[in-house]
$ cat data30.cif   # mmCIF, C-alpha atoms and all ligand atoms
data_start
loop_
_atom_site.group_PDB
_atom_site.id
_atom_site.type_symbol
_atom_site.label_atom_id
_atom_site.label_comp_id
_atom_site.auth_asym_id
_atom_site.auth_seq_id
_atom_site.Cartn_x
_atom_site.Cartn_y
_atom_site.Cartn_z
ATOM 1 C CA MET D 1 -4.471 18.976 -8.219
ATOM 2 C CA ALA D 2 -4.419 20.553 -11.648
ATOM 3 C CA SER D 3 -1.567 19.987 -14.036
ATOM 4 C CA THR D 4 0.735 22.874 -14.760
ATOM 5 C CA THR D 5 2.418 23.776 -18.007
ATOM 6 C CA SER D 6 5.350 26.142 -18.119
ATOM 7 C CA ILE D 7 6.812 27.297 -21.368
ATOM 8 C CA ILE D 8 10.263 28.810 -21.556
ATOM 9 C CA GLN D 9 10.159 31.248 -24.405
ATOM 10 C CA PRO D 10 12.688 31.166 -27.253
ATOM 11 C CA GLY D 11 15.528 33.570 -26.646
ATOM 12 C CA PHE D 12 15.331 33.285 -22.874
ATOM 13 C CA SER D 13 18.606 34.632 -21.541
ATOM 14 C CA CYS D 14 20.428 34.272 -18.273
ATOM 15 C CA GLY D 15 21.685 37.480 -16.730
ATOM 16 C CA GLY D 16 24.982 38.484 -15.119
ATOM 17 C CA ALA D 17 28.186 36.709 -16.066
ATOM 18 C CA LEU D 18 26.290 34.316 -18.301
ATOM 19 C CA SER D 19 24.537 37.072 -20.226
ATOM 20 C CA SER D 20 25.849 35.717 -23.526
ATOM 21 C CA PHE D 21 24.174 32.360 -22.883
ATOM 22 C CA THR D 22 20.843 31.880 -24.571
ATOM 23 C CA ALA D 23 18.808 28.820 -23.682
ATOM 24 C CA LYS D 24 17.209 26.754 -26.401
ATOM 25 C CA PRO D 25 13.423 26.905 -26.384
ATOM 26 C CA ARG D 26 12.089 24.148 -24.160
ATOM 27 C CA ARG D 27 8.676 23.143 -23.055
ATOM 28 C CA VAL D 28 8.450 21.944 -19.493
ATOM 29 C CA VAL D 29 5.307 20.005 -18.622
ATOM 30 C CA MET D 30 4.501 18.975 -15.079
ATOM 31 C CA VAL D 31 1.846 16.306 -14.843
ATOM 32 C CA ARG D 32 0.207 15.075 -11.685
ATOM 33 C CA ALA D 33 0.980 11.411 -11.069
ATOM 34 C CA GLN D 34 -2.049 9.199 -11.565
ATOM 35 C CA ALA D 35 -2.650 5.537 -10.890
ATOM 36 C CA ILE D 36 -2.321 3.415 -14.028
ATOM 37 C CA ASN D 37 -4.073 0.418 -12.523
ATOM 38 C CA PRO D 38 -7.832 1.061 -12.696
ATOM 39 C CA ASP D 39 -9.061 -1.991 -10.799
ATOM 40 C CA ILE D 40 -6.738 -5.036 -10.652
ATOM 41 C CA LYS D 41 -6.077 -6.382 -7.141
ATOM 42 C CA LYS D 42 -6.604 -2.963 -5.582
ATOM 43 C CA ASP D 43 -6.723 -4.561 -2.128
ATOM 44 C CA GLU D 44 -3.001 -5.373 -2.410
ATOM 45 C CA ALA D 45 -0.235 -2.839 -1.683
ATOM 46 C CA LYS D 46 1.724 -4.005 -4.751
ATOM 47 C CA VAL D 47 0.701 -6.344 -7.544
ATOM 48 C CA VAL D 48 3.467 -8.819 -8.314
ATOM 49 C CA ASP D 49 3.072 -11.899 -10.498
ATOM 50 C CA SER D 50 5.745 -14.524 -11.040
ATOM 51 C CA VAL D 51 5.914 -17.284 -13.629
ATOM 52 C CA LEU D 52 8.745 -19.736 -14.036
ATOM 53 C CA VAL D 53 9.845 -19.686 -17.643
ATOM 54 C CA THR D 54 9.805 -23.479 -17.650
ATOM 55 C CA GLU D 55 6.065 -23.319 -16.849
ATOM 56 C CA LEU D 56 5.193 -21.572 -20.101
ATOM 57 C CA SER D 57 2.748 -23.882 -21.792
ATOM 58 C CA LYS D 58 2.594 -22.148 -25.143
ATOM 59 C CA PRO D 59 5.372 -21.101 -27.525
ATOM 60 C CA LEU D 60 4.286 -17.469 -27.089
ATOM 61 C CA THR D 61 2.616 -15.964 -24.015
ATOM 62 C CA ALA D 62 1.510 -12.327 -23.836
ATOM 63 C CA TYR D 63 1.569 -10.547 -20.482
ATOM 64 C CA CYS D 64 -0.466 -7.414 -19.936
ATOM 65 C CA ARG D 65 1.259 -4.076 -19.404
ATOM 66 C CA CYS D 66 -1.809 -1.855 -19.753
ATOM 67 C CA TRP D 67 -3.592 -2.930 -16.565
ATOM 68 C CA ARG D 68 -6.910 -3.360 -18.381
ATOM 69 C CA SER D 69 -6.879 -7.089 -19.085
ATOM 70 C CA GLY D 70 -9.710 -9.208 -17.781
ATOM 71 C CA THR D 71 -7.242 -12.111 -17.556
ATOM 72 C CA PHE D 72 -4.431 -10.202 -15.831
ATOM 73 C CA PRO D 73 -1.517 -10.844 -15.741
ATOM 74 C CA LEU D 74 -2.136 -12.285 -19.193
ATOM 75 C CA CYS D 75 -3.060 -10.006 -22.090
ATOM 76 C CA ASP D 76 -6.595 -10.393 -23.429
ATOM 77 C CA GLY D 77 -6.340 -7.690 -26.087
ATOM 78 C CA SER D 78 -7.948 -4.974 -23.948
ATOM 79 C CA HIS D 79 -5.001 -2.703 -24.762
ATOM 80 C CA VAL D 80 -6.417 -2.245 -28.283
ATOM 81 C CA LYS D 81 -9.585 -0.560 -26.955
ATOM 82 C CA HIS D 82 -7.566 1.457 -24.432
ATOM 83 C CA ASN D 83 -5.203 2.692 -27.156
ATOM 84 C CA LYS D 84 -8.089 3.707 -29.446
ATOM 85 C CA GLU D 85 -9.843 5.587 -26.642
ATOM 86 C CA THR D 86 -6.804 7.370 -25.273
ATOM 87 C CA GLY D 87 -4.243 7.604 -28.077
ATOM 88 C CA ASP D 88 -1.895 5.551 -25.932
ATOM 89 C CA ASN D 89 0.424 2.954 -27.446
ATOM 90 C CA VAL D 90 0.753 0.263 -24.814
ATOM 91 C CA GLY D 91 1.032 -3.404 -25.637
ATOM 92 C CA PRO D 92 1.887 -6.712 -23.999
ATOM 93 C CA LEU D 93 5.185 -8.216 -22.959
ATOM 94 C CA LEU D 94 5.696 -11.303 -25.113
ATOM 95 C CA LEU D 95 7.520 -14.278 -23.639
ATOM 96 C CA LYS D 96 8.722 -16.811 -26.178
ATOM 97 C CA LYS D 97 9.500 -20.370 -25.239
ATOM 98 C CA GLN D 98 12.748 -21.631 -26.718
HETATM 99 S S1 LIG U 1 -4.615 -6.366 -22.385
HETATM 100 FE FE1 LIG U 1 -3.087 -5.222 -21.398
HETATM 101 S S2 LIG U 1 -1.429 -5.327 -22.766
HETATM 102 FE FE2 LIG U 1 -2.947 -6.451 -23.730
#

$ encode --input "data30.cif" --output "structure tokens" --more "lines below"
Ligand code: FES
Amino acid sequence: MASTTSIIQPGFSCGGALSSFTAKPRRVVMVRAQAINPDIKKDEAKVVDSVLVTELSKPLTAYCRCWRSGTFPLCDGSHVKHNKETGDNVGPLLLKKQ
């Protein structure tokens, strides 16, 4: 399915009793939903990972949020390449041990 872009032109007015109302220019973009997970555990209906905070072995642990890590659910830095290729700005979730 192709994406659709609708643009409401500046000065768009409603008719009838609201004829004095003028809408602000707005751009409405409808984008087809796409999977963000390219290939991690695709045989599962939902990917869920749990870690007890007390099990954190390092003072700082980075968890992947870009779905491109080769060590998922941990971040391996793959988000850097993804961001450069796509202009995206995703990064890991950092858990800090106290
Ligand atoms: S590799 Fe996915 S957030 Fe770092």

$ resolve_selection --input "data30.cif" --expression "the PyMOL selection byres (((not hetatm)) within 6 of (chain U and resi 1))" --output "number ranges by chain"
D: 64-69, 75-79, 91-92

$ closest_residue --input "data30.cif" --among "D:Leu94, D:Val51, D:Ile40, D:Leu56" --to "Gly70 (chain D)" --atoms "all atoms listed in the file"
D:Ile40

$ resolve_selection --input "data30.cif" --expression "the PyMOL selection byres (((chain D and resi 74) around 6) and not hetatm)" --output "MDAnalysis selection string"
chainID D and resid 62:64 71:73 75

$ atom_distance --input "data30.cif" --atom1 "CA of Thr86 (chain D)" --atom2 "CA of Asp43 (chain D)"
26.0 Å

$ axis_aligned_box --input "data30.cif" --around "region 68-72 of chain D" --padding-each-side "4 Å" --output "lines of an AutoDock Vina configuration file"
center_x = -7.1
center_y = -7.7
center_z = -17.5
size_x = 13.3
size_y = 16.8
size_z = 11.3

$ atom_distance --input "data30.cif" --atom1 "CA of His82 (chain D)" --atom2 "CA of Asp39 (chain D)"
14.1 Å

$ atom_distance --input "data30.cif" --atom1 "CA of Lys97 (chain D)" --atom2 "CA of Ser50 (chain D)"
15.8 Å
